[in-house]
$ cat run.pdb   # PDB, C-alpha atoms
MODEL        1
ATOM      1  CA  MET Z   1       0.000   0.000   0.000  1.00  0.00           C
ATOM      2  CA  GLN Z   2       1.197   3.485  -0.845  1.00  0.00           C
ATOM      3  CA  ASN Z   3       2.996   5.306   1.941  1.00  0.00           C
ATOM      4  CA  ILE Z   4       0.889   8.443   2.478  1.00  0.00           C
ATOM      5  CA  LYS Z   5       2.615  11.023   4.629  1.00  0.00           C
ATOM      6  CA  ILE Z   6       1.024  13.380   7.151  1.00  0.00           C
ATOM      7  CA  PHE Z   7       2.273  16.977   7.342  1.00  0.00           C
ATOM      8  CA  ALA Z   8       1.254  19.170  10.269  1.00  0.00           C
ATOM      9  CA  HIS Z   9      -0.071  22.444   8.820  1.00  0.00           C
ATOM     10  CA  ARG Z  10       1.612  25.357  10.640  1.00  0.00           C
ATOM     11  CA  GLY Z  11       2.567  22.648  13.112  1.00  0.00           C
ATOM     12  CA  SER Z  12      -0.089  20.958  15.210  1.00  0.00           C
ATOM     13  CA  LYS Z  13      -2.243  24.055  14.710  1.00  0.00           C
ATOM     14  CA  GLY Z  14      -5.449  22.472  15.983  1.00  0.00           C
ATOM     15  CA  THR Z  15      -4.016  21.949  19.458  1.00  0.00           C
ATOM     16  CA  HIS Z  16      -1.140  24.462  19.713  1.00  0.00           C
ATOM     17  CA  PRO Z  17      -0.437  28.072  18.664  1.00  0.00           C
ATOM     18  CA  GLU Z  18       0.309  27.980  14.936  1.00  0.00           C
ATOM     19  CA  ASN Z  19       3.799  28.389  13.517  1.00  0.00           C
ATOM     20  CA  THR Z  20       5.517  28.103  16.895  1.00  0.00           C
ATOM     21  CA  ILE Z  21       8.178  25.701  18.122  1.00  0.00           C
ATOM     22  CA  ALA Z  22       5.553  24.288  20.514  1.00  0.00           C
ATOM     23  CA  ALA Z  23       3.298  23.398  17.556  1.00  0.00           C
ATOM     24  CA  PHE Z  24       6.213  21.880  15.636  1.00  0.00           C
ATOM     25  CA  GLN Z  25       7.378  19.913  18.674  1.00  0.00           C
ATOM     26  CA  LYS Z  26       3.872  18.506  19.158  1.00  0.00           C
ATOM     27  CA  ALA Z  27       3.804  17.444  15.503  1.00  0.00           C
ATOM     28  CA  ALA Z  28       7.114  15.635  15.987  1.00  0.00           C
ATOM     29  CA  GLU Z  29       5.808  13.914  19.126  1.00  0.00           C
ATOM     30  CA  THR Z  30       2.667  12.674  17.377  1.00  0.00           C
ATOM     31  CA  GLY Z  31       4.734  10.988  14.679  1.00  0.00           C
ATOM     32  CA  ALA Z  32       3.948  13.338  11.786  1.00  0.00           C
ATOM     33  CA  ASP Z  33       6.181  12.943   8.753  1.00  0.00           C
ATOM     34  CA  GLY Z  34       6.573  16.660   8.205  1.00  0.00           C
ATOM     35  CA  ILE Z  35       5.560  20.185   9.118  1.00  0.00           C
ATOM     36  CA  GLU Z  36       4.423  23.102   6.971  1.00  0.00           C
ATOM     37  CA  PHE Z  37       5.135  26.720   7.882  1.00  0.00           C
ATOM     38  CA  ASP Z  38       5.256  30.219   6.378  1.00  0.00           C
ATOM     39  CA  VAL Z  39       8.132  32.682   5.991  1.00  0.00           C
ATOM     40  CA  HIS Z  40       8.111  36.501   5.864  1.00  0.00           C
ATOM     41  CA  LEU Z  41      10.914  39.078   6.159  1.00  0.00           C
ATOM     42  CA  SER Z  42      11.453  41.479   9.057  1.00  0.00           C
ATOM     43  CA  ALA Z  43      12.522  45.116   8.566  1.00  0.00           C
ATOM     44  CA  ASP Z  44      16.165  44.110   9.070  1.00  0.00           C
ATOM     45  CA  GLY Z  45      16.036  41.089   6.785  1.00  0.00           C
ATOM     46  CA  GLU Z  46      15.425  38.230   9.235  1.00  0.00           C
ATOM     47  CA  LEU Z  47      13.340  35.277   8.021  1.00  0.00           C
ATOM     48  CA  VAL Z  48      10.280  35.179  10.292  1.00  0.00           C
ATOM     49  CA  ILE Z  49       7.920  32.227  10.789  1.00  0.00           C
ATOM     50  CA  ILE Z  50       4.348  33.538  10.813  1.00  0.00           C
ATOM     51  CA  HIS Z  51       1.357  33.083   8.516  1.00  0.00           C
ATOM     52  CA  ASP Z  52      -0.157  36.537   8.146  1.00  0.00           C
ATOM     53  CA  GLU Z  53       1.528  39.628   6.749  1.00  0.00           C
ATOM     54  CA  THR Z  54       0.452  41.331   9.982  1.00  0.00           C
ATOM     55  CA  LEU Z  55       1.099  40.377  13.599  1.00  0.00           C
ATOM     56  CA  ASP Z  56      -2.300  41.206  15.078  1.00  0.00           C
ATOM     57  CA  ARG Z  57      -4.177  37.894  14.787  1.00  0.00           C
ATOM     58  CA  THR Z  58      -1.643  35.530  16.327  1.00  0.00           C
ATOM     59  CA  THR Z  59       0.677  37.646  18.478  1.00  0.00           C
ATOM     60  CA  SER Z  60       0.733  40.365  21.136  1.00  0.00           C
ATOM     61  CA  LEU Z  61       2.222  42.799  18.601  1.00  0.00           C
ATOM     62  CA  THR Z  62       0.449  44.839  15.921  1.00  0.00           C
ATOM     63  CA  GLY Z  63       1.210  46.013  12.408  1.00  0.00           C
ATOM     64  CA  TYR Z  64       3.096  44.481   9.515  1.00  0.00           C
ATOM     65  CA  VAL Z  65       5.892  41.972  10.074  1.00  0.00           C
ATOM     66  CA  LYS Z  66       7.990  43.877   7.505  1.00  0.00           C
ATOM     67  CA  ASP Z  67       7.837  47.054   9.597  1.00  0.00           C
ATOM     68  CA  HIS Z  68       9.350  45.445  12.730  1.00  0.00           C
ATOM     69  CA  SER Z  69      12.987  44.653  13.422  1.00  0.00           C
ATOM     70  CA  SER Z  70      13.971  41.178  14.570  1.00  0.00           C
ATOM     71  CA  GLN Z  71      14.666  42.630  18.042  1.00  0.00           C
ATOM     72  CA  GLU Z  72      11.108  43.996  18.201  1.00  0.00           C
ATOM     73  CA  LEU Z  73       9.676  40.700  16.998  1.00  0.00           C
ATOM     74  CA  LYS Z  74      11.539  38.880  19.789  1.00  0.00           C
ATOM     75  CA  THR Z  75       9.409  40.778  22.307  1.00  0.00           C
ATOM     76  CA  GLY Z  76       6.163  39.424  20.831  1.00  0.00           C
ATOM     77  CA  ASP Z  77       4.123  36.630  22.403  1.00  0.00           C
ATOM     78  CA  ALA Z  78       2.876  34.100  19.837  1.00  0.00           C
ATOM     79  CA  GLY Z  79       1.108  31.834  22.307  1.00  0.00           C
ATOM     80  CA  VAL Z  80      -1.067  33.898  24.643  1.00  0.00           C
ATOM     81  CA  LYS Z  81      -3.830  34.601  22.092  1.00  0.00           C
ATOM     82  CA  TYR Z  82      -4.241  30.875  21.505  1.00  0.00           C
ATOM     83  CA  ALA Z  83      -4.410  29.915  25.179  1.00  0.00           C
ATOM     84  CA  LYS Z  84      -3.034  31.294  28.453  1.00  0.00           C
ATOM     85  CA  LYS Z  85      -1.003  28.137  29.028  1.00  0.00           C
ATOM     86  CA  PHE Z  86       1.082  29.018  25.966  1.00  0.00           C
ATOM     87  CA  THR Z  87       2.001  32.483  27.273  1.00  0.00           C
ATOM     88  CA  GLY Z  88       5.624  33.264  26.463  1.00  0.00           C
ATOM     89  CA  GLU Z  89       5.793  31.223  23.253  1.00  0.00           C
ATOM     90  CA  ARG Z  90       7.914  33.281  20.879  1.00  0.00           C
ATOM     91  CA  ILE Z  91       7.665  34.131  17.200  1.00  0.00           C
ATOM     92  CA  PRO Z  92      10.343  31.883  15.712  1.00  0.00           C
ATOM     93  CA  PHE Z  93      12.901  32.716  13.038  1.00  0.00           C
ATOM     94  CA  LEU Z  94      13.778  30.258  10.275  1.00  0.00           C
ATOM     95  CA  ARG Z  95      17.290  29.677  11.612  1.00  0.00           C
ATOM     96  CA  GLU Z  96      15.795  28.700  14.989  1.00  0.00           C
ATOM     97  CA  VAL Z  97      13.428  26.205  13.379  1.00  0.00           C
ATOM     98  CA  PHE Z  98      16.286  24.670  11.400  1.00  0.00           C
ATOM     99  CA  ASP Z  99      18.403  24.451  14.571  1.00  0.00           C
ATOM    100  CA  TRP Z 100      15.489  22.763  16.353  1.00  0.00           C
ATOM    101  CA  ALA Z 101      14.962  20.393  13.399  1.00  0.00           C
ATOM    102  CA  LYS Z 102      18.473  18.972  13.813  1.00  0.00           C
ATOM    103  CA  GLY Z 103      17.010  16.943  16.666  1.00  0.00           C
ATOM    104  CA  ASN Z 104      14.478  15.111  14.456  1.00  0.00           C
ATOM    105  CA  ASP Z 105      13.995  13.922  10.878  1.00  0.00           C
ATOM    106  CA  LEU Z 106      10.834  15.818   9.933  1.00  0.00           C
ATOM    107  CA  LEU Z 107      10.419  17.032   6.382  1.00  0.00           C
ATOM    108  CA  MET Z 108       9.690  20.759   6.160  1.00  0.00           C
ATOM    109  CA  ASN Z 109       7.403  22.466   3.663  1.00  0.00           C
ATOM    110  CA  VAL Z 110       8.506  26.101   3.718  1.00  0.00           C
ATOM    111  CA  GLU Z 111       5.927  28.429   2.151  1.00  0.00           C
ATOM    112  CA  ILE Z 112       7.411  31.630   0.721  1.00  0.00           C
ATOM    113  CA  LYS Z 113       4.797  34.291   1.525  1.00  0.00           C
ATOM    114  CA  THR Z 114       5.216  36.535  -1.485  1.00  0.00           C
ATOM    115  CA  ASP Z 115       1.638  36.249  -2.768  1.00  0.00           C
ATOM    116  CA  LYS Z 116       0.517  39.526  -1.148  1.00  0.00           C
ATOM    117  CA  LEU Z 117       3.706  41.489  -0.437  1.00  0.00           C
ATOM    118  CA  ALA Z 118       6.983  41.579  -2.336  1.00  0.00           C
ATOM    119  CA  TYR Z 119       9.917  40.718  -0.102  1.00  0.00           C
ATOM    120  CA  ASP Z 120      13.020  41.645  -2.044  1.00  0.00           C
ATOM    121  CA  GLY Z 121      15.595  38.854  -1.959  1.00  0.00           C
ATOM    122  CA  ILE Z 122      13.601  36.511   0.297  1.00  0.00           C
ATOM    123  CA  GLU Z 123      14.177  33.521  -1.971  1.00  0.00           C
ATOM    124  CA  GLN Z 124      17.970  33.842  -1.827  1.00  0.00           C
ATOM    125  CA  LYS Z 125      17.889  34.347   1.947  1.00  0.00           C
ATOM    126  CA  ILE Z 126      15.841  31.169   2.431  1.00  0.00           C
ATOM    127  CA  ILE Z 127      18.158  29.214   0.124  1.00  0.00           C
ATOM    128  CA  ASP Z 128      21.212  30.487   2.024  1.00  0.00           C
ATOM    129  CA  SER Z 129      19.676  29.394   5.333  1.00  0.00           C
ATOM    130  CA  ILE Z 130      18.795  25.940   3.964  1.00  0.00           C
ATOM    131  CA  ARG Z 131      22.358  25.460   2.731  1.00  0.00           C
ATOM    132  CA  HIS Z 132      23.939  26.829   5.901  1.00  0.00           C
ATOM    133  CA  HIS Z 133      21.945  24.380   8.043  1.00  0.00           C
ATOM    134  CA  LYS Z 134      22.412  21.531   5.526  1.00  0.00           C
ATOM    135  CA  MET Z 135      18.666  20.993   5.162  1.00  0.00           C
ATOM    136  CA  GLU Z 136      18.684  20.515   1.367  1.00  0.00           C
ATOM    137  CA  GLN Z 137      17.265  16.982   1.571  1.00  0.00           C
ATOM    138  CA  ARG Z 138      14.531  17.878   4.062  1.00  0.00           C
ATOM    139  CA  VAL Z 139      12.945  21.026   2.631  1.00  0.00           C
ATOM    140  CA  ILE Z 140      10.205  21.594   0.034  1.00  0.00           C
ATOM    141  CA  LEU Z 141       9.782  25.227  -1.028  1.00  0.00           C
ATOM    142  CA  SER Z 142       6.256  26.228  -2.053  1.00  0.00           C
ATOM    143  CA  SER Z 143       4.404  29.430  -2.891  1.00  0.00           C
ATOM    144  CA  PHE Z 144       1.169  30.744  -4.376  1.00  0.00           C
ATOM    145  CA  ASN Z 145       3.453  33.194  -6.173  1.00  0.00           C
ATOM    146  CA  HIS Z 146       4.851  30.964  -8.885  1.00  0.00           C
ATOM    147  CA  GLN Z 147       7.405  33.631  -9.800  1.00  0.00           C
ATOM    148  CA  SER Z 148       9.065  32.950  -6.435  1.00  0.00           C
ATOM    149  CA  ILE Z 149       9.299  29.275  -7.371  1.00  0.00           C
ATOM    150  CA  GLU Z 150      10.840  30.269 -10.722  1.00  0.00           C
ATOM    151  CA  LYS Z 151      13.449  32.301  -8.814  1.00  0.00           C
ATOM    152  CA  VAL Z 152      14.269  29.317  -6.602  1.00  0.00           C
ATOM    153  CA  LYS Z 153      14.590  27.136  -9.706  1.00  0.00           C
ATOM    154  CA  LEU Z 154      17.211  29.526 -11.110  1.00  0.00           C
ATOM    155  CA  LEU Z 155      19.057  30.068  -7.828  1.00  0.00           C
ATOM    156  CA  ALA Z 156      18.942  26.526  -6.418  1.00  0.00           C
ATOM    157  CA  PRO Z 157      17.764  23.969  -8.988  1.00  0.00           C
ATOM    158  CA  GLU Z 158      18.665  21.131  -6.627  1.00  0.00           C
ATOM    159  CA  LEU Z 159      15.990  22.092  -4.080  1.00  0.00           C
ATOM    160  CA  GLU Z 160      12.519  20.540  -4.196  1.00  0.00           C
ATOM    161  CA  ARG Z 161       9.829  23.016  -5.242  1.00  0.00           C
ATOM    162  CA  ALA Z 162       6.031  22.997  -5.285  1.00  0.00           C
ATOM    163  CA  LEU Z 163       3.222  25.059  -6.802  1.00  0.00           C
ATOM    164  CA  LEU Z 164       0.473  26.141  -4.415  1.00  0.00           C
ATOM    165  CA  PHE Z 165      -3.100  26.652  -5.621  1.00  0.00           C
ATOM    166  CA  GLU Z 166      -6.323  27.860  -4.029  1.00  0.00           C
ATOM    167  CA  GLY Z 167      -8.927  26.993  -6.606  1.00  0.00           C
ATOM    168  CA  LEU Z 168      -7.687  25.479  -9.851  1.00  0.00           C
ATOM    169  CA  PRO Z 169      -7.384  27.312 -13.179  1.00  0.00           C
ATOM    170  CA  ASP Z 170      -8.935  25.867 -16.335  1.00  0.00           C
ATOM    171  CA  ASN Z 171      -5.497  25.510 -17.883  1.00  0.00           C
ATOM    172  CA  LEU Z 172      -4.012  23.655 -14.905  1.00  0.00           C
ATOM    173  CA  GLU Z 173      -2.655  20.781 -16.975  1.00  0.00           C
ATOM    174  CA  GLN Z 174      -0.802  23.221 -19.231  1.00  0.00           C
ATOM    175  CA  ILE Z 175       0.631  25.067 -16.210  1.00  0.00           C
ATOM    176  CA  LEU Z 176       1.881  21.819 -14.679  1.00  0.00           C
ATOM    177  CA  ARG Z 177       3.403  20.758 -18.013  1.00  0.00           C
ATOM    178  CA  ASP Z 178       5.101  24.126 -18.526  1.00  0.00           C
ATOM    179  CA  LYS Z 179       6.437  24.531 -14.988  1.00  0.00           C
ATOM    180  CA  GLN Z 180       7.780  20.989 -14.571  1.00  0.00           C
ATOM    181  CA  GLU Z 181       8.078  21.306 -10.817  1.00  0.00           C
ATOM    182  CA  SER Z 182       8.025  18.496  -8.273  1.00  0.00           C
ATOM    183  CA  GLY Z 183       5.022  19.256  -6.053  1.00  0.00           C
ATOM    184  CA  PHE Z 184       1.380  20.131  -6.699  1.00  0.00           C
ATOM    185  CA  HIS Z 185      -0.291  21.595  -3.585  1.00  0.00           C
ATOM    186  CA  PRO Z 186      -4.017  22.250  -4.220  1.00  0.00           C
ATOM    187  CA  ASP Z 187      -6.651  23.094  -1.628  1.00  0.00           C
ATOM    188  CA  LYS Z 188      -8.472  19.875  -0.758  1.00  0.00           C
ATOM    189  CA  ASN Z 189     -11.866  21.107  -1.966  1.00  0.00           C
ATOM    190  CA  SER Z 190     -10.550  21.718  -5.479  1.00  0.00           C
ATOM    191  CA  LEU Z 191      -8.737  18.403  -5.879  1.00  0.00           C
ATOM    192  CA  THR Z 192     -10.605  15.773  -7.903  1.00  0.00           C
ATOM    193  CA  GLU Z 193      -9.608  12.227  -8.781  1.00  0.00           C
ATOM    194  CA  ALA Z 194      -9.105  13.352 -12.390  1.00  0.00           C
ATOM    195  CA  THR Z 195      -6.844  16.264 -11.394  1.00  0.00           C
ATOM    196  CA  ASN Z 196      -4.892  14.013  -9.061  1.00  0.00           C
ATOM    197  CA  GLU Z 197      -4.338  11.573 -11.922  1.00  0.00           C
ATOM    198  CA  ILE Z 198      -3.216  14.335 -14.305  1.00  0.00           C
ATOM    199  CA  ALA Z 199      -0.679  15.651 -11.789  1.00  0.00           C
ATOM    200  CA  LYS Z 200       0.605  12.143 -11.000  1.00  0.00           C
ATOM    201  CA  THR Z 201       0.957  11.287 -14.688  1.00  0.00           C
ATOM    202  CA  LEU Z 202       3.045  14.441 -15.127  1.00  0.00           C
ATOM    203  CA  GLY Z 203       5.344  13.289 -12.316  1.00  0.00           C
ATOM    204  CA  TYR Z 204       4.078  15.553  -9.529  1.00  0.00           C
ATOM    205  CA  LYS Z 205       3.765  14.687  -5.855  1.00  0.00           C
ATOM    206  CA  VAL Z 206       0.260  15.685  -4.760  1.00  0.00           C
ATOM    207  CA  ARG Z 207      -0.006  17.278  -1.320  1.00  0.00           C
ATOM    208  CA  PRO Z 208      -3.488  18.767  -0.699  1.00  0.00           C
ATOM    209  CA  TRP Z 209      -4.269  21.132   2.169  1.00  0.00           C
ATOM    210  CA  VAL Z 210      -5.976  21.206   4.710  1.00  0.00           C
ATOM    211  CA  ALA Z 211      -7.951  18.112   5.786  1.00  0.00           C
ATOM    212  CA  ASN Z 212      -9.237  18.235   9.360  1.00  0.00           C
ATOM    213  CA  GLU Z 213     -12.086  15.712   9.246  1.00  0.00           C
ATOM    214  CA  GLU Z 214     -11.618  11.958   9.328  1.00  0.00           C
ATOM    215  CA  ALA Z 215     -13.846  11.568   6.251  1.00  0.00           C
ATOM    216  CA  ASP Z 216     -11.646  13.960   4.275  1.00  0.00           C
ATOM    217  CA  ILE Z 217      -8.484  12.156   5.357  1.00  0.00           C
ATOM    218  CA  ILE Z 218      -9.904   8.850   4.076  1.00  0.00           C
ATOM    219  CA  LYS Z 219     -11.206  10.420   0.858  1.00  0.00           C
ATOM    220  CA  LEU Z 220      -7.764  11.814   0.030  1.00  0.00           C
ATOM    221  CA  ALA Z 221      -6.070   8.565   1.037  1.00  0.00           C
ATOM    222  CA  LYS Z 222      -8.336   6.635  -1.352  1.00  0.00           C
ATOM    223  CA  MET Z 223      -7.310   9.013  -4.138  1.00  0.00           C
ATOM    224  CA  GLY Z 224      -3.727   8.044  -3.475  1.00  0.00           C
ATOM    225  CA  VAL Z 225      -2.265  11.458  -2.734  1.00  0.00           C
ATOM    226  CA  ASP Z 226       1.331  11.595  -1.502  1.00  0.00           C
ATOM    227  CA  VAL Z 227       0.855  13.863   1.524  1.00  0.00           C
ATOM    228  CA  ILE Z 228      -2.153  15.045   3.515  1.00  0.00           C
ATOM    229  CA  MET Z 229      -1.744  18.384   5.287  1.00  0.00           C
ATOM    230  CA  THR Z 230      -3.753  18.785   8.469  1.00  0.00           C
ATOM    231  CA  ASP Z 231      -4.096  20.943  11.586  1.00  0.00           C
ATOM    232  CA  PHE Z 232      -4.614  17.743  13.607  1.00  0.00           C
ATOM    233  CA  PRO Z 233      -1.742  15.342  12.824  1.00  0.00           C
ATOM    234  CA  GLU Z 234      -2.531  13.012  15.722  1.00  0.00           C
ATOM    235  CA  MET Z 235      -6.123  12.494  14.524  1.00  0.00           C
ATOM    236  CA  ALA Z 236      -5.022  12.190  10.890  1.00  0.00           C
ATOM    237  CA  LEU Z 237      -2.410   9.538  11.690  1.00  0.00           C
ATOM    238  CA  LYS Z 238      -4.954   7.489  13.638  1.00  0.00           C
ATOM    239  CA  ALA Z 239      -7.540   7.774  10.847  1.00  0.00           C
ATOM    240  CA  LEU Z 240      -4.987   6.769   8.227  1.00  0.00           C
ATOM    241  CA  LYS Z 241      -3.704   3.837  10.286  1.00  0.00           C
ATOM    242  CA  SER Z 242      -7.243   2.588  10.909  1.00  0.00           C
ATOM    243  CA  TRP Z 243      -8.143   2.870   7.207  1.00  0.00           C
ATOM    244  CA  GLN Z 244      -4.982   1.063   6.136  1.00  0.00           C
ATOM    245  CA  ALA Z 245      -5.552  -1.704   8.688  1.00  0.00           C
ATOM    246  CA  ASN Z 246      -9.088  -2.266   7.414  1.00  0.00           C
ATOM    247  CA  GLY Z 247      -8.197  -1.815   3.751  1.00  0.00           C
TER     248      GLY Z 247
ENDMDL
END

$ encode --input "run.pdb" --output "structure tokens"
Amino acid sequence: MQNIKIFAHRGSKGTHPENTIAAFQKAAETGADGIEFDVHLSADGELVIIHDETLDRTTSLTGYVKDHSSQELKTGDAGVKYAKKFTGERIPFLREVFDWAKGNDLLMNVEIKTDKLAYDGIEQKIIDSIRHHKMEQRVILSSFNHQSIEKVKLLAPELERALLFEGLPDNLEQILRDKQESGFHPDKNSLTEATNEIAKTLGYKVRPWVANEEADIIKLAKMGVDVIMTDFPEMALKALKSWQANG
């Protein structure tokens, strides 16, 4: 039976504050195969792990990530808004996540967040950090901004890259043929068996996001996707194991 992997979306986001070391650590403890997280740039060029362009929703700080220095970002609390017991959880930087990852063998899907704001040079900075920490074999770089993926292809052709989609264009097959990347990351509601087959035939690994219900986990598993991204890795692993045992 195909080995379907489980990636924890922004870490174990369903049970821990998203995109924090605590959420990543929980994902590792549950036995997830990988984690997915998002990267922005601070005012002084640090690679910051956070989903939104702004700090307001998930941290004690306000305003745009790009307008804060790394020193200012270090003062932010990324746990207290999720639950009081996570008070003091910090906004991590990419180098800190890579340092932490040396203690495990998780794969890491790093999303380059250039779909709303242009971060000049972010692709090269991420590549430099991957190489410095020797994480070349463990990282998949993805983005909704396919120009960022093109940049990575030019700068670091050896790194694994993936195209992110929310909703699928009519000319998807042509895009996948033209781009010739490794990963196809559609939202789960847009992925059909036919689209999955097209992507697979073209040599893509299919990694839909985000499945948080047992029924959706099983549906995607039956399609034969390569990775299922979820906010609840513990639940997803149990559902997958149960389905495989009964299959």

$ residues_near_point --input "run.pdb" --point "(2.8, 31.1, 23.1)" --cutoff "7 Å" --atoms "all atoms listed in the file" --output "list in words"
Pro17, Asp77, Ala78, Gly79, Val80, Phe86, Thr87, Gly88, Glu89 and Arg90 of chain Z

$ residues_around --input "run.pdb" --residues "segment 54-71 of chain Z" --least-positions-apart "5" --cutoff "6 Å" --atoms "all atoms listed in the file" --output "list in words"
Leu41, Ser42, Ala43, Asp44, Gly76, Asp77 and Ala78 of chain Z

$ write_last_selection --input "run.pdb" --atoms "C-alpha atoms" --output "PDB file, keeping the file's coordinate frame"
ATOM      1  CA  LEU Z  41      10.914  39.078   6.159  1.00  0.00           C
ATOM      2  CA  SER Z  42      11.453  41.479   9.057  1.00  0.00           C
ATOM      3  CA  ALA Z  43      12.522  45.116   8.566  1.00  0.00           C
ATOM      4  CA  ASP Z  44      16.165  44.110   9.070  1.00  0.00           C
ATOM      5  CA  GLY Z  76       6.163  39.424  20.831  1.00  0.00           C
ATOM      6  CA  ASP Z  77       4.123  36.630  22.403  1.00  0.00           C
ATOM      7  CA  ALA Z  78       2.876  34.100  19.837  1.00  0.00           C
TER       8      ALA Z  78
END

$ axis_aligned_box --input "run.pdb" --around "segment 39-51 of chain Z" --padding-each-side "3 Å" --output "lines of an AutoDock Vina configuration file"
center_x = 8.8
center_y = 38.7
center_z = 8.3
size_x = 20.8
size_y = 18.9
size_z = 10.9

$ closest_residue --input "run.pdb" --among "Z:His132, Z:Glu150, Z:Lys219, Z:Asp105" --to "Glu29 of chain Z" --atoms "only C-alpha atoms"
Z:Asp105

$ closest_residue --input "run.pdb" --among "Z:Ile4, Z:Ala22, Z:Gly247, Z:Phe144" --to "Lys205 of chain Z" --atoms "only C-alpha atoms"
Z:Ile4

$ residues_around --input "run.pdb" --residues "His40 of chain Z" --least-positions-apart "6" --cutoff "9 Å" --atoms "only C-alpha atoms" --output "short mmCIF file (atom, residue, chain, number, x, y, z; two decimals) with C-alpha atoms, in the coordinates of the input"
data_model
loop_
_atom_site.label_atom_id
_atom_site.label_comp_id
_atom_site.auth_asym_id
_atom_site.auth_seq_id
_atom_site.Cartn_x
_atom_site.Cartn_y
_atom_site.Cartn_z
CA GLU Z 46 15.42 38.23 9.24
CA LEU Z 47 13.34 35.28 8.02
CA VAL Z 48 10.28 35.18 10.29
CA ILE Z 49 7.92 32.23 10.79
CA ILE Z 50 4.35 33.54 10.81
CA HIS Z 51 1.36 33.08 8.52
CA ASP Z 52 -0.16 36.54 8.15
CA GLU Z 53 1.53 39.63 6.75
CA VAL Z 65 5.89 41.97 10.07
CA LYS Z 66 7.99 43.88 7.50
CA ILE Z 112 7.41 31.63 0.72
CA LYS Z 113 4.80 34.29 1.52
CA THR Z 114 5.22 36.53 -1.48
CA TYR Z 119 9.92 40.72 -0.10
CA ILE Z 122 13.60 36.51 0.30
#

$ closest_residue --input "run.pdb" --among "Z:Thr30, Z:Gln124, Z:Ser190, Z:Asn212" --to "Asp231 of chain Z" --atoms "only C-alpha atoms"
Z:Asn212

$ resolve_selection --input "run.pdb" --expression "the PyMOL selection byres ((chain Z and resi 236-245) around 8)" --output "list in words"
Met1, Ile6, Gly31, Ala32, Asn212, Glu214, Ile217, Ile218, Ala221, Thr230, Phe232, Pro233, Glu234, Met235, Asn246 and Gly247 of chain Z

$ residues_around --input "run.pdb" --residues "Leu141 of chain Z" --least-positions-apart "3" --cutoff "9 Å" --atoms "all atoms listed in the file" --output "ChimeraX atom specification"
/Z:108-112,149,152,159-163

$ residues_around --input "run.pdb" --residues "His185 of chain Z" --least-positions-apart "2" --cutoff "6 Å" --atoms "all atoms listed in the file" --output "number ranges by chain"
Z: 163-164, 207-208

$ closest_residue --input "run.pdb" --among "Z:Ile175, Z:Ala199, Z:Asn104, Z:Gly121" --to "His146 of chain Z" --atoms "all atoms listed in the file"
Z:Ile175

$ closest_residue --input "run.pdb" --among "Z:Glu96, Z:Asn171, Z:Asp33, Z:Met229" --to "Arg138 of chain Z" --atoms "all atoms listed in the file"
Z:Asp33

$ atom_distance --input "run.pdb" --atom1 "atom CA of Gly224 of chain Z" --atom2 "atom CA of His9 of chain Z"
19.3 Å

$ closest_residue --input "run.pdb" --among "Z:Asn145, Z:Thr195, Z:Asp226, Z:Arg177" --to "Lys116 of chain Z" --atoms "only C-alpha atoms"
Z:Asn145

$ atom_distance --input "run.pdb" --atom1 "atom CA of Ile35 of chain Z" --atom2 "atom CA of Gly11 of chain Z"
5.6 Å

$ atom_distance --input "run.pdb" --atom1 "atom CA of Glu213 of chain Z" --atom2 "atom CA of Phe184 of chain Z"
21.3 Å

$ resolve_selection --input "run.pdb" --expression "the PyMOL selection byres ((chain Z and resi 173) around 12)" --output "JSON list (two decimals) with C-alpha atoms, keeping the file's coordinate frame"
[["chain", "number", "residue", "atom", "x", "y", "z"],
["Z", 168, "LEU", "CA", -7.69, 25.48, -9.85],
["Z", 169, "PRO", "CA", -7.38, 27.31, -13.18],
["Z", 170, "ASP", "CA", -8.94, 25.87, -16.34],
["Z", 171, "ASN", "CA", -5.50, 25.51, -17.88],
["Z", 172, "LEU", "CA", -4.01, 23.66, -14.90],
["Z", 174, "GLN", "CA", -0.80, 23.22, -19.23],
["Z", 175, "ILE", "CA", 0.63, 25.07, -16.21],
["Z", 176, "LEU", "CA", 1.88, 21.82, -14.68],
["Z", 177, "ARG", "CA", 3.40, 20.76, -18.01],
["Z", 178, "ASP", "CA", 5.10, 24.13, -18.53],
["Z", 179, "LYS", "CA", 6.44, 24.53, -14.99],
["Z", 180, "GLN", "CA", 7.78, 20.99, -14.57],
["Z", 184, "PHE", "CA", 1.38, 20.13, -6.70],
["Z", 194, "ALA", "CA", -9.10, 13.35, -12.39],
["Z", 195, "THR", "CA", -6.84, 16.26, -11.39],
["Z", 196, "ASN", "CA", -4.89, 14.01, -9.06],
["Z", 197, "GLU", "CA", -4.34, 11.57, -11.92],
["Z", 198, "ILE", "CA", -3.22, 14.34, -14.30],
["Z", 199, "ALA", "CA", -0.68, 15.65, -11.79],
["Z", 200, "LYS", "CA", 0.60, 12.14, -11.00],
["Z", 201, "THR", "CA", 0.96, 11.29, -14.69],
["Z", 202, "LEU", "CA", 3.04, 14.44, -15.13],
["Z", 203, "GLY", "CA", 5.34, 13.29, -12.32],
["Z", 204, "TYR", "CA", 4.08, 15.55, -9.53]]

$ resolve_selection --input "run.pdb" --expression "the PyMOL selection byres ((chain Z and resi 189) around 10)" --output "MDAnalysis selection string"
chainID Z and resid 166:168 186:188 190:192 208:211 216
